[in-house]
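> Structure file upload.txt (compact mmCIF, C-alpha atoms) is given on the next line.
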```
# COMPACT_ATOMS: atom_id res chain seq x y z
CA MET I 162 -90.83 19.41 99.06
CA GLU I 163 -90.24 15.68 99.08
CA THR I 164 -91.12 15.28 102.73
CA ILE I 165 -93.16 17.19 105.26
CA GLN I 166 -91.35 15.62 108.22
CA ASP I 167 -90.22 18.24 110.77
CA GLN I 168 -91.65 21.05 108.65
CA THR I 169 -93.74 23.70 110.39
CA VAL I 170 -97.37 23.75 109.24
CA LEU I 171 -100.07 26.23 110.30
CA ILE I 172 -103.68 25.24 109.60
CA THR I 173 -106.62 27.56 110.22
CA GLY I 174 -109.94 25.89 110.95
CA GLY I 175 -108.15 22.61 111.59
CA SER I 176 -110.10 21.38 114.59
CA ARG I 177 -112.92 19.57 112.77
CA GLY I 178 -114.11 18.24 109.42
CA LEU I 179 -111.75 18.40 106.45
CA GLY I 180 -109.37 20.63 108.39
CA LEU I 181 -108.95 17.98 111.05
CA ALA I 182 -108.40 15.33 108.36
CA MET I 183 -105.50 17.38 107.02
CA VAL I 184 -104.06 17.78 110.52
CA GLU I 185 -104.16 14.02 111.08
CA ALA I 186 -102.55 13.23 107.72
CA LEU I 187 -99.71 15.70 108.28
CA LEU I 188 -99.11 14.51 111.83
CA ARG I 189 -98.78 10.97 110.48
CA ARG I 190 -95.96 12.33 108.33
CA GLN I 191 -94.35 13.88 111.43
CA ALA I 192 -94.93 17.50 110.50
CA LYS I 193 -94.92 20.11 113.26
CA VAL I 194 -98.55 21.19 113.09
CA THR I 195 -100.14 24.24 114.70
CA VAL I 196 -103.91 24.67 114.50
CA LEU I 197 -105.76 27.97 114.80
CA ALA I 198 -109.45 27.60 115.66
CA ARG I 199 -112.15 29.31 117.68
CA ASP I 200 -113.46 26.40 119.75
CA SER I 201 -111.36 25.54 122.79
CA GLN I 202 -112.86 22.07 123.27
CA SER I 203 -112.09 21.05 119.70
CA LEU I 204 -108.58 22.42 120.07
CA ALA I 205 -108.04 20.32 123.18
CA ALA I 206 -108.83 17.20 121.14
CA VAL I 207 -106.41 18.30 118.43
CA GLU I 208 -103.65 18.79 121.00
CA GLN I 209 -104.16 15.23 122.19
CA LEU I 210 -103.26 14.11 118.66
CA GLY I 211 -99.93 15.92 118.90
CA ALA I 212 -100.62 19.28 117.30
CA LYS I 213 -100.26 22.66 118.99
CA GLY I 214 -103.54 24.55 119.39
CA ILE I 215 -104.07 28.30 119.35
CA GLN I 216 -107.51 29.71 120.07
CA GLY I 217 -108.35 32.66 117.87
CA ASP I 218 -110.20 33.98 114.85
CA ALA I 219 -108.61 33.62 111.41
CA THR I 220 -110.46 36.74 110.22
CA ASP I 221 -108.29 38.77 112.64
CA ALA I 222 -105.64 40.28 110.36
CA ALA I 223 -103.28 41.26 113.18
CA LEU I 224 -103.41 37.76 114.64
CA MET I 225 -102.65 36.15 111.29
CA ASP I 226 -99.77 38.54 110.67
CA ARG I 227 -98.30 37.74 114.08
CA LEU I 228 -98.69 33.96 113.79
CA VAL I 229 -97.14 33.71 110.33
CA ALA I 230 -94.29 36.04 111.27
CA ASP I 231 -93.57 34.13 114.49
CA LEU I 232 -93.98 30.57 113.21
CA ARG I 233 -92.62 31.12 109.67
CA PRO I 234 -94.45 27.99 108.48
CA LYS I 235 -93.26 26.11 105.43
CA VAL I 236 -96.91 25.29 104.76
CA LEU I 237 -99.90 27.51 105.53
CA VAL I 238 -103.36 25.97 105.06
CA LEU I 239 -106.19 28.52 104.98
CA ASN I 240 -109.19 26.36 105.79
CA ALA I 241 -111.24 28.46 108.23
CA GLY I 242 -114.80 29.16 107.21
CA ALA I 243 -118.47 29.28 108.14
CA THR I 244 -121.54 27.25 107.24
CA PRO I 245 -123.70 29.24 104.79
CA TRP I 246 -127.34 30.02 105.49
CA MET I 247 -129.26 27.88 103.03
CA GLY I 248 -132.18 29.50 101.24
CA SER I 249 -133.31 30.69 97.81
CA ILE I 250 -132.50 34.21 96.71
CA GLU I 251 -135.87 35.73 97.67
CA GLU I 252 -135.44 34.39 101.23
CA GLN I 253 -131.96 35.75 101.79
CA THR I 254 -130.98 38.94 103.56
CA PHE I 255 -127.74 40.64 102.62
CA GLU I 256 -126.31 39.50 105.95
CA SER I 257 -127.17 35.84 105.34
CA TYR I 258 -125.96 36.08 101.75
CA SER I 259 -122.61 37.45 102.94
CA ILE I 260 -121.81 34.94 105.70
CA VAL I 261 -119.22 33.06 103.66
CA TRP I 262 -117.72 36.29 102.32
CA ASN I 263 -117.36 37.68 105.83
CA ASN I 264 -115.73 34.49 107.10
CA ASP I 265 -114.12 32.28 104.42
CA VAL I 266 -113.08 35.06 102.03
CA LYS I 267 -112.04 37.46 104.79
CA ALA I 268 -109.97 34.82 106.59
CA THR I 269 -108.35 33.71 103.33
CA LEU I 270 -107.50 37.28 102.38
CA HIS I 271 -105.80 37.97 105.70
CA GLY I 272 -103.94 34.66 105.54
CA VAL I 273 -102.67 35.37 102.03
CA GLN I 274 -101.60 38.85 103.04
CA ALA I 275 -99.79 37.52 106.11
CA ALA I 276 -97.87 35.02 103.95
CA LEU I 277 -96.80 37.76 101.55
CA LYS I 278 -95.90 40.24 104.29
CA ALA I 279 -93.78 37.95 106.49
CA PRO I 280 -92.75 36.56 104.02
CA MET I 281 -92.88 32.80 104.47
CA PRO I 282 -89.69 30.81 103.76
CA LYS I 283 -88.76 30.32 100.11
CA GLY I 284 -90.24 27.11 98.77
CA GLY I 285 -93.27 27.56 101.02
CA ARG I 286 -96.77 26.53 100.02
CA VAL I 287 -100.05 28.24 100.87
CA LEU I 288 -103.17 26.11 100.39
CA LEU I 289 -106.52 27.90 100.04
CA ALA I 290 -109.63 25.82 100.77
CA SER I 291 -112.32 26.36 98.14
CA SER I 292 -115.08 24.04 96.92
CA GLY I 293 -116.36 22.29 93.83
CA ALA I 294 -119.10 24.93 93.97
CA ALA I 295 -116.54 27.26 92.40
CA LEU I 296 -117.06 25.34 89.14
CA VAL I 297 -120.53 26.83 88.64
CA LEU I 298 -120.59 28.69 85.29
CA SER I 299 -117.11 27.41 84.40
CA LEU I 300 -115.70 24.46 82.48
CA PRO I 301 -115.98 21.75 83.68
CA ALA I 302 -119.27 23.11 84.88
CA ILE I 303 -121.86 22.66 87.57
CA ARG I 304 -125.28 23.92 86.49
CA ALA I 305 -126.17 27.12 88.31
CA GLU I 306 -129.68 25.80 89.02
CA ALA I 307 -128.14 23.01 91.07
CA MET I 308 -126.83 25.58 93.60
CA ARG I 309 -129.98 27.67 93.97
CA LEU I 310 -130.02 27.57 97.80
CA SER I 311 -126.38 28.39 98.41
CA GLY I 312 -126.54 32.18 98.43
CA GLY I 313 -123.16 33.88 98.24
CA TYR I 314 -121.29 30.60 98.76
CA VAL I 315 -120.61 29.97 95.07
CA GLY I 316 -119.16 33.40 94.42
CA ALA I 317 -117.10 33.32 97.60
CA LYS I 318 -115.50 30.01 96.70
CA ARG I 319 -114.82 31.23 93.16
CA MET I 320 -113.18 34.34 94.61
CA ILE I 321 -110.86 32.20 96.73
CA TRP I 322 -109.72 30.47 93.54
CA LEU I 323 -108.99 33.85 91.96
CA MET I 324 -107.12 34.97 95.09
CA ALA I 325 -104.63 32.12 94.64
CA HIS I 326 -103.79 33.42 91.16
CA ASN I 327 -103.55 36.99 92.41
CA ALA I 328 -101.18 35.94 95.20
CA ASN I 329 -98.99 33.93 92.81
CA SER I 330 -98.64 36.99 90.62
CA VAL I 331 -97.38 39.03 93.59
CA ALA I 332 -95.06 36.22 94.71
CA ARG I 333 -93.49 35.99 91.24
CA THR I 334 -93.08 39.74 90.92
CA ARG I 335 -91.37 39.95 94.32
CA GLU I 336 -89.40 36.71 93.76
CA LEU I 337 -90.64 35.29 97.06
CA GLY I 338 -90.45 31.65 96.01
CA LEU I 339 -93.96 30.93 97.33
CA LEU I 340 -96.69 28.89 95.66
CA PHE I 341 -100.38 29.50 96.36
CA GLN I 342 -102.68 26.59 95.51
CA VAL I 343 -106.44 26.15 95.81
CA LEU I 344 -108.16 22.94 96.98
CA LEU I 345 -111.58 22.00 95.58
CA PRO I 346 -113.40 18.97 97.01
CA LEU I 347 -115.64 17.97 94.09
CA GLN I 348 -118.24 16.12 96.18
CA LEU I 349 -120.33 16.95 99.21
CA VAL I 350 -118.70 15.39 102.26
CA GLY I 351 -121.80 14.34 104.17
CA VAL I 352 -120.04 13.51 107.43
CA THR I 353 -118.86 17.10 107.98
CA GLY I 354 -121.07 19.77 109.49
CA LEU I 355 -121.00 21.84 106.31
CA GLY I 356 -121.74 18.91 104.01
CA ARG I 357 -124.59 17.71 106.21
CA ALA I 358 -126.17 21.17 106.39
CA VAL I 359 -126.04 21.65 102.62
CA ALA I 360 -127.40 18.17 101.91
CA ALA I 361 -130.20 18.60 104.45
CA ALA I 362 -131.31 21.90 102.88
CA TYR I 363 -131.49 20.53 99.35
CA ALA I 364 -133.04 17.23 100.48
CA GLY I 365 -135.71 19.10 102.42
CA ARG I 366 -136.74 21.16 99.42
CA ALA I 367 -136.85 18.04 97.22
CA GLY I 368 -138.82 16.01 99.75
CA THR I 369 -136.15 13.34 100.01
CA THR I 370 -133.62 12.19 102.61
CA VAL I 371 -130.10 13.47 103.18
CA GLU I 372 -128.76 10.03 102.26
CA ASP I 373 -130.68 10.02 98.97
CA HIS I 374 -129.37 13.48 98.12
CA LEU I 375 -125.77 12.50 98.85
CA ALA I 376 -126.17 9.31 96.80
CA ARG I 377 -126.65 11.46 93.70
CA TYR I 378 -122.95 12.29 93.84
CA GLY I 379 -121.75 8.69 93.94
CA ALA I 380 -119.59 7.11 96.62
CA PRO I 381 -118.77 9.91 99.09
CA LEU I 382 -115.39 11.53 99.44
CA ARG I 383 -114.06 10.54 102.85
CA PRO I 384 -112.30 13.13 105.02
CA GLU I 385 -109.39 10.76 105.60
CA GLN I 386 -108.86 10.37 101.84
CA TYR I 387 -108.97 14.14 101.42
CA GLY I 388 -106.36 14.59 104.15
CA GLU I 389 -104.09 12.00 102.54
CA ASP I 390 -104.54 13.60 99.12
CA VAL I 391 -103.56 17.02 100.47
CA ALA I 392 -100.46 15.53 102.06
CA THR I 393 -99.63 13.96 98.70
CA LEU I 394 -100.14 17.29 96.97
CA LEU I 395 -97.49 18.79 99.24
CA THR I 396 -94.90 16.06 98.74
CA ASP I 397 -95.38 14.74 95.19
CA PRO I 398 -93.44 16.74 92.54
CA ARG I 399 -96.30 16.25 90.07
CA TYR I 400 -98.24 18.86 92.04
CA ALA I 401 -95.39 21.29 92.63
CA ASP I 402 -96.41 24.04 90.21
CA GLY I 403 -100.14 23.87 89.44
CA VAL I 404 -102.65 26.20 91.10
CA ALA I 405 -106.04 24.46 91.31
CA TYR I 406 -106.70 20.81 92.18
CA GLY I 407 -109.91 18.82 92.62
CA PHE I 408 -110.55 15.87 94.92
CA ARG I 409 -113.05 13.06 94.42
CA ARG I 410 -113.64 9.62 95.97
CA ASP I 411 -111.03 7.03 94.97
CA THR I 412 -109.71 8.99 91.97
CA PRO I 413 -106.38 10.72 91.35
CA ILE I 414 -105.98 14.36 92.29
CA ALA I 415 -107.34 16.32 89.31
CA PRO I 416 -105.59 19.44 87.93
CA LEU I 417 -108.25 22.09 87.24
CA ASP I 418 -106.19 24.86 85.68
CA ALA I 419 -107.01 25.69 82.09
```
Could you render the structure from this file as structure tokens?

Amino acid sequence: METIQDQTVLITGGSRGLGLAMVEALLRRQAKVTVLARDSQSLAAVEQLGAKGIQGDATDAALMDRLVADLRPKVLVLNAGATPWMGSIEEQTFESYSIVWNNDVKATLHGVQAALKAPMPKGGRVLLASSGAALVLSLPAIRAEAMRLSGGYVGAKRMIWLMAHNANSVARTRELGLLFQVLLPLQLVGVTGLGRAVAAAYAGRAGTTVEDHLARYGAPLRPEQYGEDVATLLTDPRYADGVAYGFRRDTPIAPLDA
């Protein structure tokens, strides 16, 4: 699509952090944005920006089915997720290890299924929020030792990447005209709750400060740049058929598909 103006957009987990940055960027382009989030106070702030807020849980399959069927969004952004419990493998319980699977992966699965069931309008885009952590044990690679405190987070974010490919296969087979794409911020975003929690855990184990840990990754990716980049992804024909894209401070959007 060459413009997002007047297009219906549904964003899960859009009331804070990178989700909110996407909401703001799309509102600036005059999209009709609806945000699904759990926190009523955060939703009230989003509504003041001009978006419509719906309080609810993106892991609720029936709710996602109903919202996608009713709204028929041209763009669905599956961004809802939880902050992982940070600890090395001998400190984890299965419950702590599974937090991101039970939130991020579950919410993404139900969102993907809702898009395929409805189905969304032809030409629609579904964006799945992953992480640069998904590059562990892949090429280009992040060393596995560098993510030793992140529990099931790495595998969960890798699974979300795979889910985009699985969904595209179904969409092609059924000739739905939908494109599923995965978003991978390639740097810790220290100003978000998730980025701060991750940086604090690793900095604490290394006996350094959060700022020193974040400095290892270079100039930080800003939420506002990420939001603008995602809006560009949706409207620039160069990004109209790839699946995986990476985002880094002051650099072009990077295709990550082999």
> What is the CA of Ala243 (chain I) to CA of Met225 (chain I) distance in Å?
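Value for the CA of Ala243 (chain I)-CA of Met225 (chain I) distance: 17.5 Å.
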> Please determine, counting only C-alpha atoms, which residue among I:Ser203, I:Pro413, I:Pro381, I:Met320 has the shortest atom-to-atom distance to Thr393 (chain I).
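Ranked by minimum distance to Thr393 (chain I), first place goes to I:Pro413.
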> My list of candidates is I:Ala392, I:Ala415, I:Ala317, I:Ala230. Which is closest to Ala182 (chain I) when distances are computed with all atoms listed in the file?
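That would be I:Ala392, the residue with the smallest distance to Ala182 (chain I).
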> Near region 326-340 of chain I, counting all atoms listed in the file, which residues have an atom at most 12 Å away, once you skip same-chain residues fewer than 6 positions from it, shown as number ranges by chain?
I: 162, 234-238, 269-289, 319-320, 395, 400-405, 418
> Which residues, written as a ChimeraX atom specification, have at least one atom at most 6 Å from region 213-220 of chain I, with all atoms listed in the file counted and residues fewer than 4 positions away on the same chain left out?
/I:195-199,204,208,267-268
> Dump C-alpha atoms for the selected residues as a tab-separated table (two decimals), keeping the file's coordinate frame?

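In the end it all went to selection16.tsv:
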```
chain	number	residue	atom	x	y	z
I	195	THR	CA	-100.14	24.24	114.70
I	196	VAL	CA	-103.91	24.67	114.50
I	197	LEU	CA	-105.76	27.97	114.80
I	198	ALA	CA	-109.45	27.60	115.66
I	199	ARG	CA	-112.15	29.31	117.68
I	204	LEU	CA	-108.58	22.42	120.07
I	208	GLU	CA	-103.65	18.79	121.00
I	267	LYS	CA	-112.04	37.46	104.79
I	268	ALA	CA	-109.97	34.82	106.59
```
> For Leu394 (chain I), which residue out of I:Leu171, I:Ala186, I:Ala294, I:Ala362 is the nearest one, using only C-alpha atoms?
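Closest residue, counting only C-alpha atoms: I:Ala186.
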> Report as a VMD selection string all protein, DNA and RNA residues lying within 12 Å of Ser299 (chain I), evaluated on all atoms listed in the file, omitting residues in the same chain fewer than 6 positions from it.
chain I and resid 293 305 315 to 316 319 417 to 419
> Under the rule that all atoms listed in the file are counted, which of I:Asp397, I:Ala290, I:Arg190, I:Ala358 is the nearest residue to Gln342 (chain I)?
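For Gln342 (chain I), the nearest of the candidates is I:Ala290.
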> Report as an mmCIF file with C-alpha atoms, in the coordinates of the input all protein, DNA and RNA residues lying within 7 Å of Ala192 (chain I), evaluated on only C-alpha atoms, omitting residues in the same chain fewer than 4 positions from it.

```cif
data_model
loop_
_atom_site.group_PDB
_atom_site.id
_atom_site.type_symbol
_atom_site.label_atom_id
_atom_site.label_comp_id
_atom_site.auth_asym_id
_atom_site.auth_seq_id
_atom_site.Cartn_x
_atom_site.Cartn_y
_atom_site.Cartn_z
ATOM 1 C CA ILE I 165 -93.160 17.190 105.260
ATOM 2 C CA GLN I 166 -91.350 15.620 108.220
ATOM 3 C CA ASP I 167 -90.220 18.240 110.770
ATOM 4 C CA GLN I 168 -91.650 21.050 108.650
ATOM 5 C CA THR I 169 -93.740 23.700 110.390
ATOM 6 C CA VAL I 170 -97.370 23.750 109.240
ATOM 7 C CA LEU I 187 -99.710 15.700 108.280
ATOM 8 C CA LEU I 188 -99.110 14.510 111.830
#
```
> Identify, on the basis of all atoms listed in the file, every residue whose closest approach to Ser291 (chain I) does not exceed 6 Å; exclude the query and any residue fewer than 6 positions from it along the same chain; express the result as a PyMOL selection string.
chain I and resi 318+344-345
> By how many Å are CA of Val350 (chain I) and CA of Leu298 (chain I) apart?
21.6 Å
> At most 12 Å from (-132.0, 16.2, 87.1), file frame, all atoms listed in the file: which residues, as a ChimeraX atom specification?
/I:304,306-307,367,374,377-378
> Rounded to one decimal place, report the CA of Ala295 (chain I)-CA of Tyr406 (chain I) distance in Å.
11.8 Å
> Add whatever atoms are absent from region 217-228 of chain I to reach all heavy atoms, and provide the output as a short mmCIF file (atom, residue, chain, number, x, y, z; two decimals), in the frame of the given file.

```cif
data_model
loop_
_atom_site.label_atom_id
_atom_site.label_comp_id
_atom_site.auth_asym_id
_atom_site.auth_seq_id
_atom_site.Cartn_x
_atom_site.Cartn_y
_atom_site.Cartn_z
N GLY I 217 -108.27 31.34 118.47
CA GLY I 217 -108.35 32.66 117.87
C GLY I 217 -109.18 32.63 116.60
O GLY I 217 -109.66 31.57 116.16
N ASP I 218 -109.34 33.79 116.01
CA ASP I 218 -110.20 33.98 114.85
C ASP I 218 -109.34 34.28 113.63
O ASP I 218 -108.60 35.27 113.61
CB ASP I 218 -111.16 35.14 115.12
CG ASP I 218 -112.23 35.30 114.06
OD1 ASP I 218 -112.05 34.79 112.95
OD2 ASP I 218 -113.26 35.93 114.36
N ALA I 219 -109.43 33.45 112.61
CA ALA I 219 -108.61 33.62 111.41
C ALA I 219 -108.97 34.85 110.61
O ALA I 219 -108.22 35.25 109.72
CB ALA I 219 -108.71 32.38 110.53
N THR I 220 -110.12 35.48 110.91
CA THR I 220 -110.46 36.74 110.22
C THR I 220 -109.78 37.94 110.86
O THR I 220 -109.92 39.06 110.39
CB THR I 220 -111.98 36.98 110.21
OG1 THR I 220 -112.45 37.18 111.54
CG2 THR I 220 -112.72 35.80 109.59
N ASP I 221 -109.03 37.71 111.94
CA ASP I 221 -108.29 38.77 112.64
C ASP I 221 -106.95 38.97 111.92
O ASP I 221 -106.03 38.17 112.06
CB ASP I 221 -108.08 38.36 114.10
CG ASP I 221 -107.39 39.43 114.93
OD1 ASP I 221 -106.66 40.27 114.35
OD2 ASP I 221 -107.54 39.39 116.16
N ALA I 222 -106.83 40.05 111.17
CA ALA I 222 -105.64 40.28 110.36
C ALA I 222 -104.38 40.39 111.21
O ALA I 222 -103.33 39.84 110.85
CB ALA I 222 -105.82 41.55 109.52
N ALA I 223 -104.46 41.09 112.33
CA ALA I 223 -103.28 41.26 113.18
C ALA I 223 -102.82 39.93 113.75
O ALA I 223 -101.61 39.67 113.85
CB ALA I 223 -103.60 42.24 114.32
N LEU I 224 -103.76 39.08 114.13
CA LEU I 224 -103.41 37.76 114.64
C LEU I 224 -102.73 36.93 113.57
O LEU I 224 -101.70 36.28 113.83
CB LEU I 224 -104.67 37.04 115.14
CG LEU I 224 -104.48 35.58 115.58
CD1 LEU I 224 -103.50 35.48 116.73
CD2 LEU I 224 -105.83 34.95 115.97
N MET I 225 -103.26 36.93 112.36
CA MET I 225 -102.65 36.15 111.29
C MET I 225 -101.25 36.67 110.96
O MET I 225 -100.31 35.89 110.75
CB MET I 225 -103.53 36.17 110.04
CG MET I 225 -104.80 35.36 110.17
SD MET I 225 -104.51 33.60 110.56
CE MET I 225 -103.53 33.09 109.15
N ASP I 226 -101.10 37.98 110.92
CA ASP I 226 -99.77 38.54 110.67
C ASP I 226 -98.77 38.07 111.73
O ASP I 226 -97.64 37.68 111.41
CB ASP I 226 -99.83 40.07 110.69
CG ASP I 226 -100.49 40.66 109.45
OD1 ASP I 226 -100.67 39.93 108.46
OD2 ASP I 226 -100.81 41.86 109.48
N ARG I 227 -99.20 38.10 112.98
CA ARG I 227 -98.30 37.74 114.08
C ARG I 227 -97.95 36.25 114.03
O ARG I 227 -96.77 35.88 114.19
CB ARG I 227 -98.96 38.09 115.42
CG ARG I 227 -98.06 37.85 116.62
CD ARG I 227 -98.64 38.46 117.87
NE ARG I 227 -99.89 37.84 118.29
CZ ARG I 227 -101.09 38.40 118.18
NH1 ARG I 227 -101.21 39.60 117.63
NH2 ARG I 227 -102.17 37.78 118.60
N LEU I 228 -98.95 35.39 113.80
CA LEU I 228 -98.69 33.96 113.79
C LEU I 228 -97.74 33.56 112.65
O LEU I 228 -96.81 32.78 112.85
CB LEU I 228 -100.00 33.19 113.65
CG LEU I 228 -100.90 33.13 114.88
CD1 LEU I 228 -102.18 32.37 114.56
CD2 LEU I 228 -100.17 32.46 116.04
#
```
